[in-house]
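K.L.:
Next comes the structure file structure.txt, holding compact mmCIF, C-alpha atoms.
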# COMPACT_ATOMS: atom_id res chain seq x y z
CA MET A 1 -65.73 21.13 108.03
CA SER A 2 -69.41 20.95 108.99
CA ILE A 3 -70.67 21.68 112.47
CA PRO A 4 -73.02 18.96 113.71
CA GLN A 5 -76.61 19.75 114.65
CA PRO A 6 -77.29 19.67 118.39
CA LYS A 7 -78.97 16.49 119.61
CA ILE A 8 -80.22 17.85 122.93
CA LYS A 9 -80.61 21.43 124.10
CA GLY A 10 -81.45 22.26 127.68
CA HIS A 11 -82.29 25.59 129.24
CA SER A 12 -82.47 26.37 132.93
CA ILE A 13 -82.67 29.29 135.31
CA VAL A 14 -81.35 28.96 138.85
CA LEU A 15 -81.92 31.55 141.57
CA ILE A 16 -80.21 31.64 144.94
CA GLY A 17 -82.09 33.44 147.70
CA ASN A 18 -84.79 32.73 150.24
CA PHE A 19 -87.84 30.86 149.06
CA ASN A 20 -90.90 29.29 150.57
CA PRO A 21 -91.07 25.96 148.71
CA LYS A 22 -94.67 25.28 149.73
CA ILE A 23 -95.88 28.08 147.48
CA PHE A 24 -94.35 26.51 144.40
CA GLN A 25 -96.97 23.95 143.58
CA PRO A 26 -98.63 23.44 140.22
CA SER A 27 -102.06 24.52 141.48
CA TRP A 28 -100.65 27.93 142.51
CA PHE A 29 -99.16 28.46 139.05
CA GLY A 30 -102.44 27.36 137.47
CA SER A 31 -104.53 29.68 139.63
CA GLN A 32 -102.25 32.62 138.81
CA GLY A 33 -102.53 31.94 135.09
CA LEU A 34 -98.80 31.27 134.77
CA LEU A 35 -99.43 27.72 133.54
CA GLN A 36 -102.33 26.31 131.57
CA LYS A 37 -104.98 25.02 133.98
CA GLN A 38 -104.96 21.56 132.50
CA GLU A 39 -101.20 21.13 132.59
CA ALA A 40 -101.17 22.34 136.19
CA GLU A 41 -103.81 19.74 137.07
CA GLU A 42 -101.90 17.00 135.32
CA ALA A 43 -98.47 17.91 136.74
CA GLU A 44 -96.48 15.08 138.21
CA VAL A 45 -95.69 16.11 141.77
CA GLU A 46 -92.66 14.40 143.34
CA ILE A 47 -92.81 16.23 146.65
CA ILE A 48 -94.35 19.33 148.16
CA HIS A 49 -92.92 20.04 151.61
CA SER A 50 -91.96 23.11 153.59
CA ASP A 51 -88.31 22.38 152.71
CA VAL A 52 -88.57 21.25 149.13
CA ALA A 53 -90.99 21.23 146.21
CA ILE A 54 -90.43 19.26 143.01
CA PHE A 55 -92.81 18.77 140.14
CA ARG A 56 -92.73 18.08 136.41
CA LEU A 57 -94.81 18.96 133.40
CA GLU A 58 -94.33 17.58 129.91
CA TRP A 59 -91.87 20.35 129.15
CA LEU A 60 -90.70 21.57 132.57
CA ARG A 61 -89.08 20.45 135.79
CA MET A 62 -89.18 22.71 138.83
CA GLU A 63 -87.24 22.17 142.03
CA VAL A 64 -87.37 24.63 144.90
CA THR A 65 -85.65 24.44 148.29
CA ARG A 66 -85.43 27.22 150.85
CA GLU A 67 -82.22 28.53 149.29
CA ARG A 68 -82.56 27.57 145.65
CA PHE A 69 -85.07 27.83 142.82
CA LEU A 70 -84.54 25.86 139.62
CA VAL A 71 -86.59 25.52 136.45
CA GLU A 72 -85.37 23.59 133.46
CA THR A 73 -86.55 22.29 130.12
CA LEU A 74 -85.10 20.02 127.46
CA GLN A 75 -87.54 21.35 124.90
CA GLU A 76 -86.17 24.34 123.06
CA ALA A 77 -89.67 25.32 121.98
CA TYR A 78 -90.31 26.36 125.57
CA ASP A 79 -87.17 28.36 126.34
CA LEU A 80 -89.03 31.69 126.22
CA THR A 81 -91.96 30.19 128.11
CA LEU A 82 -89.51 29.13 130.79
CA ARG A 83 -88.18 32.69 131.03
CA ASP A 84 -91.72 34.08 131.17
CA LEU A 85 -92.60 31.65 133.94
CA VAL A 86 -89.76 33.01 136.08
CA LEU A 87 -90.65 36.62 135.19
CA GLY A 88 -94.30 36.02 136.05
CA THR A 89 -93.58 34.11 139.24
CA PHE A 90 -91.30 36.72 140.72
CA SER A 91 -93.43 39.61 139.52
CA LEU A 92 -96.05 38.15 141.83
CA LEU A 93 -93.59 37.19 144.58
CA ARG A 94 -91.70 40.44 144.20
CA PHE A 95 -90.46 40.68 147.77
CA THR A 96 -88.57 37.40 147.52
CA PRO A 97 -84.93 38.16 148.32
CA ILE A 98 -82.70 36.89 145.53
CA LYS A 99 -78.95 37.33 145.55
CA LYS A 100 -77.72 35.27 142.59
CA MET A 101 -79.01 34.10 139.25
CA GLY A 102 -77.72 31.66 136.67
CA ILE A 103 -78.99 31.51 133.10
CA ASN A 104 -77.82 28.15 131.84
CA ARG A 105 -77.66 26.45 128.49
CA ASP A 106 -76.66 22.84 127.94
CA THR A 107 -76.09 21.36 124.50
CA HIS A 108 -75.14 17.86 123.39
CA PHE A 109 -73.57 17.28 119.98
CA GLN A 110 -72.74 14.00 118.34
CA VAL A 111 -69.51 13.81 116.35
CA ASP A 112 -69.19 11.49 113.38
CA SER A 113 -66.09 9.54 114.34
CA GLU A 114 -64.40 8.23 117.43
CA GLU A 115 -61.18 9.87 116.30
CA LYS A 116 -62.81 13.32 116.33
CA TRP A 117 -64.42 12.59 119.66
CA HIS A 118 -61.05 11.79 121.25
CA SER A 119 -59.45 14.79 119.59
CA VAL A 120 -61.81 17.11 121.49
CA GLY A 121 -60.43 15.85 124.81
CA ASN A 122 -56.87 15.88 123.47
CA LYS A 123 -57.12 19.51 122.37
CA LEU A 124 -58.67 20.67 125.62
CA ALA A 125 -56.46 18.64 127.93
CA PRO A 126 -53.29 17.47 126.16
CA LYS A 127 -52.19 14.10 127.48
CA ASP A 128 -48.40 14.68 127.51
CA LEU A 129 -48.49 15.70 131.15
CA TRP A 130 -50.54 12.67 132.17
CA GLN A 131 -49.05 9.84 130.10
CA GLU A 132 -46.43 8.95 132.70
CA ILE A 133 -48.77 9.42 135.64
CA LEU A 134 -51.93 7.62 134.58
CA GLU A 135 -52.61 4.68 132.36
CA ARG A 136 -54.72 5.71 129.35
CA PRO A 137 -55.63 9.14 130.70
CA GLY A 138 -58.83 10.74 129.45
CA MET A 139 -60.63 13.98 130.04
CA ILE A 140 -63.79 13.67 132.11
CA SER A 141 -64.63 17.32 132.56
CA LEU A 142 -63.14 20.74 132.01
CA THR A 143 -64.51 24.01 133.37
CA MET A 144 -63.26 27.47 132.45
CA GLU A 145 -64.45 30.68 134.02
CA GLY A 146 -64.27 34.26 132.82
CA ASN A 147 -65.27 37.35 134.77
CA GLN A 148 -68.21 39.29 133.49
CA LYS A 149 -69.37 42.63 134.84
CA ARG A 150 -72.66 44.02 133.56
CA ASP A 151 -74.49 47.12 134.71
CA GLY A 152 -72.27 47.23 137.78
CA LEU A 153 -73.25 43.71 138.72
CA GLU A 154 -70.65 41.11 139.55
CA GLY A 155 -70.79 37.88 137.66
CA PHE A 156 -68.98 35.31 135.60
CA ILE A 157 -69.43 32.96 132.71
CA ARG A 158 -68.49 29.37 133.35
CA VAL A 159 -68.12 26.99 130.43
CA LYS A 160 -67.96 23.27 131.00
CA ILE A 161 -67.13 20.61 128.43
CA GLU A 162 -67.52 16.89 129.02
CA PRO A 163 -68.10 13.68 127.12
CA SER A 164 -71.87 13.43 126.82
CA ALA A 165 -73.49 11.04 129.24
CA ARG A 166 -76.64 10.99 127.09
CA ILE A 167 -75.53 10.23 123.56
CA PRO A 168 -72.78 8.01 122.14
CA MET A 169 -69.74 9.87 120.81
CA GLY A 170 -71.30 13.02 122.14
CA VAL A 171 -69.78 16.18 123.49
CA PHE A 172 -71.58 18.13 126.18
CA PHE A 173 -71.27 21.91 126.51
CA SER A 174 -72.70 23.81 129.46
CA VAL A 175 -72.65 27.59 129.80
CA ASN A 176 -73.49 29.11 133.17
CA ASP A 177 -74.09 32.86 132.91
CA HIS A 178 -73.94 33.90 136.55
CA PHE A 179 -75.17 37.21 138.00
CA GLU A 180 -74.71 38.43 141.56
CA PHE A 181 -76.90 41.08 143.21
CA LYS A 182 -75.66 43.22 146.06
CA GLU A 183 -77.37 42.20 149.28
CA THR A 184 -77.14 45.72 150.64
CA ASP A 185 -78.95 47.14 147.65
CA ALA A 186 -82.20 48.82 148.66
CA SER A 187 -83.90 47.20 145.69
CA VAL A 188 -83.22 43.69 146.95
CA GLY A 189 -86.21 41.59 146.21
CA SER A 190 -86.96 40.21 142.83
CA ASP A 191 -87.40 43.48 140.89
CA THR A 192 -83.71 43.67 140.00
CA VAL A 193 -83.69 40.05 138.93
CA ILE A 194 -86.74 40.56 136.74
CA SER A 195 -85.25 43.52 134.94
CA ILE A 196 -81.90 41.76 134.48
CA LEU A 197 -83.57 38.60 133.21
CA ARG A 198 -85.66 40.66 130.78
CA GLU A 199 -82.68 42.58 129.52
CA TYR A 200 -80.05 39.87 129.39
CA TRP A 201 -81.93 36.73 128.41
CA GLU A 202 -81.45 37.17 124.70
CA LYS A 203 -77.92 38.56 124.99
CA SER A 204 -77.03 35.66 127.22
CA TYR A 205 -78.53 33.18 124.76
CA LYS A 206 -76.60 34.64 121.83
CA ARG A 207 -73.36 34.71 123.80
CA SER A 208 -73.80 31.10 124.89
CA GLU A 209 -74.39 30.04 121.30
CA ARG A 210 -71.34 32.00 120.18
CA ILE A 211 -69.18 30.40 122.84
CA ILE A 212 -70.35 26.89 122.05
CA TYR A 213 -70.08 27.18 118.26
CA SER A 214 -66.73 28.93 118.27
CA LEU A 215 -65.38 26.19 120.54
CA LEU A 216 -66.85 23.51 118.32
CA GLU A 217 -65.21 25.03 115.25
CA LYS A 218 -61.86 25.00 116.97
CA LEU A 219 -62.26 21.53 118.42
CA LEU A 220 -63.59 19.58 115.44
CA MET B 1 -92.84 15.91 170.65
CA ARG B 2 -93.05 16.80 167.00
CA SER B 3 -95.66 15.38 164.73
CA GLN B 4 -94.62 12.79 162.21
CA VAL B 5 -93.63 14.21 158.85
CA ALA B 6 -93.54 12.56 155.48
CA GLN B 7 -89.76 12.77 155.33
CA PRO B 8 -87.26 10.48 157.09
CA LEU B 9 -85.64 12.10 160.12
CA SER B 10 -81.91 12.59 160.16
CA THR B 11 -79.82 10.36 162.46
CA GLU B 12 -79.30 13.28 164.80
CA GLU B 13 -83.00 13.98 165.02
CA SER B 14 -83.82 10.34 165.63
CA GLN B 15 -81.30 10.05 168.46
CA ASN B 16 -82.62 13.15 170.16
CA GLY B 17 -85.98 11.48 170.37
CA ASP B 18 -88.09 14.59 169.98
CA GLY B 19 -86.68 15.43 166.62
CA MET B 20 -85.17 18.71 167.82
CA SER B 21 -81.59 19.54 166.95
CA SER B 22 -79.34 22.52 167.55
CA LEU B 23 -79.90 23.55 163.96
CA PRO B 24 -82.74 25.84 162.99
CA PRO B 25 -85.70 23.63 162.09
CA ARG B 26 -85.50 24.36 158.40
CA ARG B 27 -81.94 23.13 158.24
CA GLY B 28 -82.80 19.84 159.90
CA PHE B 29 -84.14 18.23 156.78
CA LEU B 30 -81.07 19.18 154.83
CA ARG B 31 -78.55 18.26 157.49
CA ARG B 32 -78.30 14.58 156.66
CA PHE B 33 -77.64 15.30 153.03
CA GLN B 34 -75.09 17.99 153.77
CA GLU B 35 -73.20 15.65 156.12
CA GLU B 36 -73.03 13.07 153.37
CA LEU B 37 -71.75 15.62 150.95
CA ARG B 38 -68.62 16.62 152.78
CA SER B 39 -66.57 13.58 151.92
CA GLU B 40 -67.60 13.80 148.30
CA LYS B 41 -66.66 17.42 147.78
CA VAL B 42 -62.97 16.69 147.48
CA LEU B 43 -63.76 15.32 144.06
CA SER B 44 -64.92 18.69 142.87
CA TYR B 45 -63.70 19.30 139.35
CA LEU B 46 -63.87 23.05 139.67
CA THR B 47 -60.76 24.94 138.77
CA ASP B 48 -61.39 28.04 140.86
CA VAL B 49 -61.53 26.86 144.44
CA THR B 50 -58.72 28.99 145.79
CA ASN B 51 -60.81 31.57 147.59
CA LYS B 52 -64.01 29.68 148.20
CA THR B 53 -64.77 26.76 150.47
CA SER B 54 -66.28 23.76 148.79
CA GLU B 55 -69.37 24.10 150.96
CA ALA B 56 -69.90 27.66 149.78
CA LEU B 57 -69.47 26.50 146.21
CA ASP B 58 -72.14 23.86 146.59
CA LEU B 59 -74.59 26.28 148.13
CA GLU B 60 -73.96 29.17 145.78
CA GLU B 61 -73.70 27.57 142.36
CA THR B 62 -76.33 28.65 139.90
CA VAL B 63 -76.16 25.59 137.68
CA PRO B 64 -78.53 22.65 137.77
CA PHE B 65 -77.19 19.66 139.66
CA GLY B 66 -76.87 16.23 138.25
CA ALA B 67 -73.84 16.40 136.00
CA PRO B 68 -70.65 14.63 137.05
CA GLY B 69 -68.73 16.66 139.62
CA GLU B 70 -71.77 18.46 140.94
CA ARG B 71 -73.39 17.57 144.20
CA PRO B 72 -76.84 18.71 145.25
CA ILE B 73 -77.71 20.39 148.52
CA VAL B 74 -80.69 18.10 148.85
CA TYR B 75 -79.87 14.68 147.53
CA LEU B 76 -83.23 13.16 146.83
CA GLU B 77 -82.68 9.78 145.34
CA SER B 78 -84.39 9.76 142.02
CA ILE B 79 -84.26 7.39 139.13
CA TYR B 80 -83.13 8.88 135.83
CA ARG B 81 -86.13 9.26 133.62
CA ALA B 82 -85.97 9.70 129.90
CA GLN B 83 -87.61 12.93 128.83
CA ASP B 84 -89.09 14.29 125.65
CA LYS B 85 -86.79 16.68 123.82
CA PHE B 86 -87.33 19.32 121.19
CA ILE B 87 -84.80 20.98 118.91
CA SER B 88 -86.05 24.08 117.10
CA LEU B 89 -85.35 24.45 113.41
CA GLN B 90 -87.28 27.69 113.14
CA LYS B 91 -88.73 29.94 115.81
CA TRP B 92 -90.82 33.07 115.72
CA GLU B 93 -92.32 35.46 118.21
CA GLY B 94 -95.77 36.55 117.11
CA VAL B 95 -98.19 39.31 118.01
CA VAL B 96 -101.90 38.83 117.39
CA LEU B 97 -103.25 41.63 115.17
CA LYS B 98 -106.82 40.51 114.62
CA VAL B 99 -108.96 37.55 115.65
CA PHE B 100 -111.54 36.07 113.26
CA ALA B 101 -114.11 33.34 113.81
CA ASP B 102 -111.75 30.46 113.20
CA SER B 103 -108.40 32.07 112.55
CA PHE B 104 -106.23 34.99 113.57
CA LEU B 105 -103.92 37.43 111.84
CA ALA B 106 -100.47 37.82 113.37
CA ARG B 107 -97.20 39.61 112.77
CA LEU B 108 -94.26 37.24 113.11
CA TYR B 109 -90.73 38.21 114.12
CA ASP B 110 -88.20 35.65 113.02
CA LEU B 111 -86.07 34.68 116.01
CA THR B 112 -83.88 32.31 113.99
CA ASN B 113 -82.88 34.81 111.30
CA ARG B 114 -83.29 38.14 113.03
CA GLY B 115 -84.78 41.09 111.24
CA ILE B 116 -87.36 39.30 109.10
CA GLU B 117 -90.99 40.24 109.76
CA GLU B 118 -94.05 38.87 108.06
CA GLU B 119 -97.80 38.69 108.52
CA VAL B 120 -99.65 35.40 108.52
CA GLU B 121 -103.13 34.10 109.10
CA LEU B 122 -103.18 31.04 111.32
CA PRO B 123 -106.12 28.76 112.13
CA LEU B 124 -107.25 28.86 115.76
CA GLU B 125 -107.06 25.08 115.65
CA GLU B 126 -103.28 25.46 115.89
CA ILE B 127 -103.66 26.79 119.43
CA SER B 128 -104.00 24.33 122.29
CA ASP B 129 -107.25 24.52 124.25
CA GLY B 130 -105.49 25.80 127.37
CA ASP B 131 -104.24 28.86 125.50
CA LYS B 132 -107.27 29.69 123.34
CA ASP B 133 -108.62 32.27 125.82
CA LEU B 134 -105.37 34.20 125.50
CA VAL B 135 -105.65 34.75 121.75
CA LYS B 136 -106.66 38.41 121.69
CA GLU B 137 -105.36 41.48 119.92
CA GLY B 138 -101.92 42.31 121.22
CA ALA B 139 -101.28 38.85 122.69
CA VAL B 140 -97.76 37.51 122.27
CA PHE B 141 -97.04 33.92 121.31
CA TYR B 142 -94.03 31.77 120.44
CA TRP B 143 -94.11 29.46 117.44
CA ASN B 144 -91.53 26.74 117.01
CA ILE B 145 -91.10 24.21 114.24
CA GLY B 146 -88.57 21.52 114.89
CA TYR B 147 -87.76 17.95 115.80
CA PHE B 148 -89.58 16.39 118.71
CA ASP B 149 -87.73 13.37 120.12
CA SER B 150 -90.00 11.35 122.33
CA LYS B 151 -88.64 9.63 125.42
CA THR B 152 -88.94 6.34 123.51
CA GLY B 153 -86.66 7.66 120.79
CA GLN B 154 -89.23 8.41 118.12
CA ARG B 155 -88.44 11.56 116.14
CA LYS B 156 -91.10 13.60 114.42
CA ARG B 157 -91.39 17.09 113.01
CA GLU B 158 -93.69 19.25 115.10
CA SER B 159 -95.12 22.71 115.32
CA ILE B 160 -95.66 24.13 118.80
CA ILE B 161 -97.45 27.40 119.53
CA ARG B 162 -97.45 28.68 123.06
CA CYS B 163 -99.03 31.92 124.25
CA ARG B 164 -97.13 34.21 126.56
CA ARG B 165 -98.39 34.24 130.14
CA LEU B 166 -97.45 37.13 132.37
CA PRO B 167 -99.33 38.76 135.25
CA ALA B 168 -101.07 42.06 134.53
CA TRP B 169 -98.89 45.17 134.76
CA ARG B 170 -98.80 46.69 138.26
CA ARG B 171 -99.81 50.31 138.76
CA GLU B 172 -96.25 51.35 139.66
CA GLU B 173 -94.93 49.67 136.49
CA LEU B 174 -97.40 51.61 134.38
CA GLU B 175 -96.49 54.81 136.21
CA GLY B 176 -92.79 54.05 135.64
CA ALA B 177 -93.40 53.54 131.92
CA LYS B 178 -95.34 56.83 131.72
CA MET B 179 -92.52 58.67 133.47
CA GLU B 180 -89.96 57.15 131.14
CA ALA B 181 -92.04 58.17 128.11
CA GLN B 182 -92.32 61.70 129.51
CA GLN B 183 -88.55 61.88 129.98
CA VAL B 184 -88.01 60.86 126.36
CA ARG B 185 -90.55 63.45 125.20
CA ASP B 186 -88.80 66.15 127.24
CA LEU B 187 -85.44 65.07 125.89
CA ILE B 188 -86.45 65.40 122.25
CA GLY B 189 -88.56 68.50 122.93
CA TRP B 190 -91.76 66.94 121.67
CA LYS B 191 -94.78 68.85 122.92
Please express what this file holds, its structure, as structure tokens.
P.N.:
Amino acid sequence: MSIPQPKIKGHSIVLIGNFNPKIFQPSWFGSQGLLQKQEAEEAEVEIIHSDVAIFRLEWLRMEVTRERFLVETLQEAYDLTLRDLVLGTFSLLRFTPIKKMGINRDTHFQVDSEEKWHSVGNKLAPKDLWQEILERPGMISLTMEGNQKRDGLEGFIRVKIEPSARIPMGVFFSVNDHFEFKETDASVGSDTVISILREYWEKSYKRSERIIYSLLEKLL
Amino acid sequence: MRSQVAQPLSTEESQNGDGMSSLPPRRGFLRRFQEELRSEKVLSYLTDVTNKTSEALDLEETVPFGAPGERPIVYLESIYRAQDKFISLQKWEGVVLKVFADSFLARLYDLTNRGIEEEVELPLEEISDGDKDLVKEGAVFYWNIGYFDSKTGQRKRESIIRCRRLPAWRREELEGAKMEAQQVRDLIGWK
């Protein structure tokens, strides 16, 4: 049985902490050399406000509120650039308190028959239990979570599977690799996050791929 | 009085006239959205909600919002926009070894099939103008060949080279690296 090629791959990094959204504007990234000057100038700004900043480049979307920082791309060619952008940003803003981090990978696959597509839902959420309760029951979303402790840090891996909302007969996999940093730690600030992101990015990527492909093998 | 801001005031702020609420100012903007969220949270699909409140879950999740079952803290109405996508077929990390007049020599580390290294000479024309200044000895770049799917659905095979951009090393980082090197030297007894 052949494993289909992914149709869409998304990468994102989410940080939970305390941020000053006004800083996060394209011109700041351009002036710090973290983005190309021209792409910073041509960024599409949705909003820059003391409570929220959102802008887009051809390959990136950034959204920052006072509690949350998010960068994402749907272009796999820029996954390492996305990581470097976060490393560079918080190397400069190194006293930013950050307490949680998620390294996320989303992948959409298209299966070659409707029968296979339904069988994914049937294997993950057998319908026997639901047949008498609902008419034509179907799986909309399933999330599983496993604990993950690394370097003394709390965390978990959350895997979500859904029918793809983007492609017909598609299956959507999302892996959230979640790290928690102790708030009482003297090193609170972004230094810990930077070193964890440096060390675990690739491991996290490989694990996500392993999770997704081993599930696909079992489901198709 | 508070000066007019570009954002709509919440109902509570409007009724108070001066825009002040009992919430800290920074929460005011978010309040309206958080109020709206409460009734929707019961639909949460999450399986592990036993020891967490749904509000805490919304605030603490480190996944992007937007998928079914997830609700944002700030719900800014936005229209879904098709985006360009890229799927890599082959990716390398490269280090610039030498720069010539119109090309550069680089060592490539295969990131698709780990362990393979090779040296190549690439034309400088392959580098986008915004990155050309960064092409110096020791510079790191990422090279991807793959399928580019435009937002209009057109697929084409593309090569993308992007130089690594990181701030200069801080003095304490350099000191830390020196100390680490010294520790390794001491450990192996290298004088």
K.L.:
Give as number ranges by chain every residue of chain B that touches chain A within 6 Å, counting only C-alpha atoms.
P.N.:
B: 62, 85-88, 130, 144, 165-167
K.L.:
When you draw a straight line from CA of Ala53 (chain A) to CA of Thr107 (chain A), how long is it in Å?
P.N.:
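Pair CA of Ala53 (chain A) / CA of Thr107 (chain A) returns 26.3 Å.
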K.L.:
Quick one: distance from CA of Arg83 (chain A) to CA of Val184 (chain B) in Å, one decimal?
P.N.:
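Value for the CA of Arg83 (chain A)-CA of Val184 (chain B) distance: 28.6 Å.
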K.L.:
Can you measure CA of Leu122 (chain B) to CA of Ala106 (chain B) for me? One decimal in Å is fine.
P.N.:
7.6 Å
K.L.:
So that I can see what lies close to Pro4 (chain A), please list as a count of residues only the residues with an atom at most 8 Å from it, counting all atoms listed in the file and leaving out residues fewer than 4 positions away in the same chain.
P.N.:
3
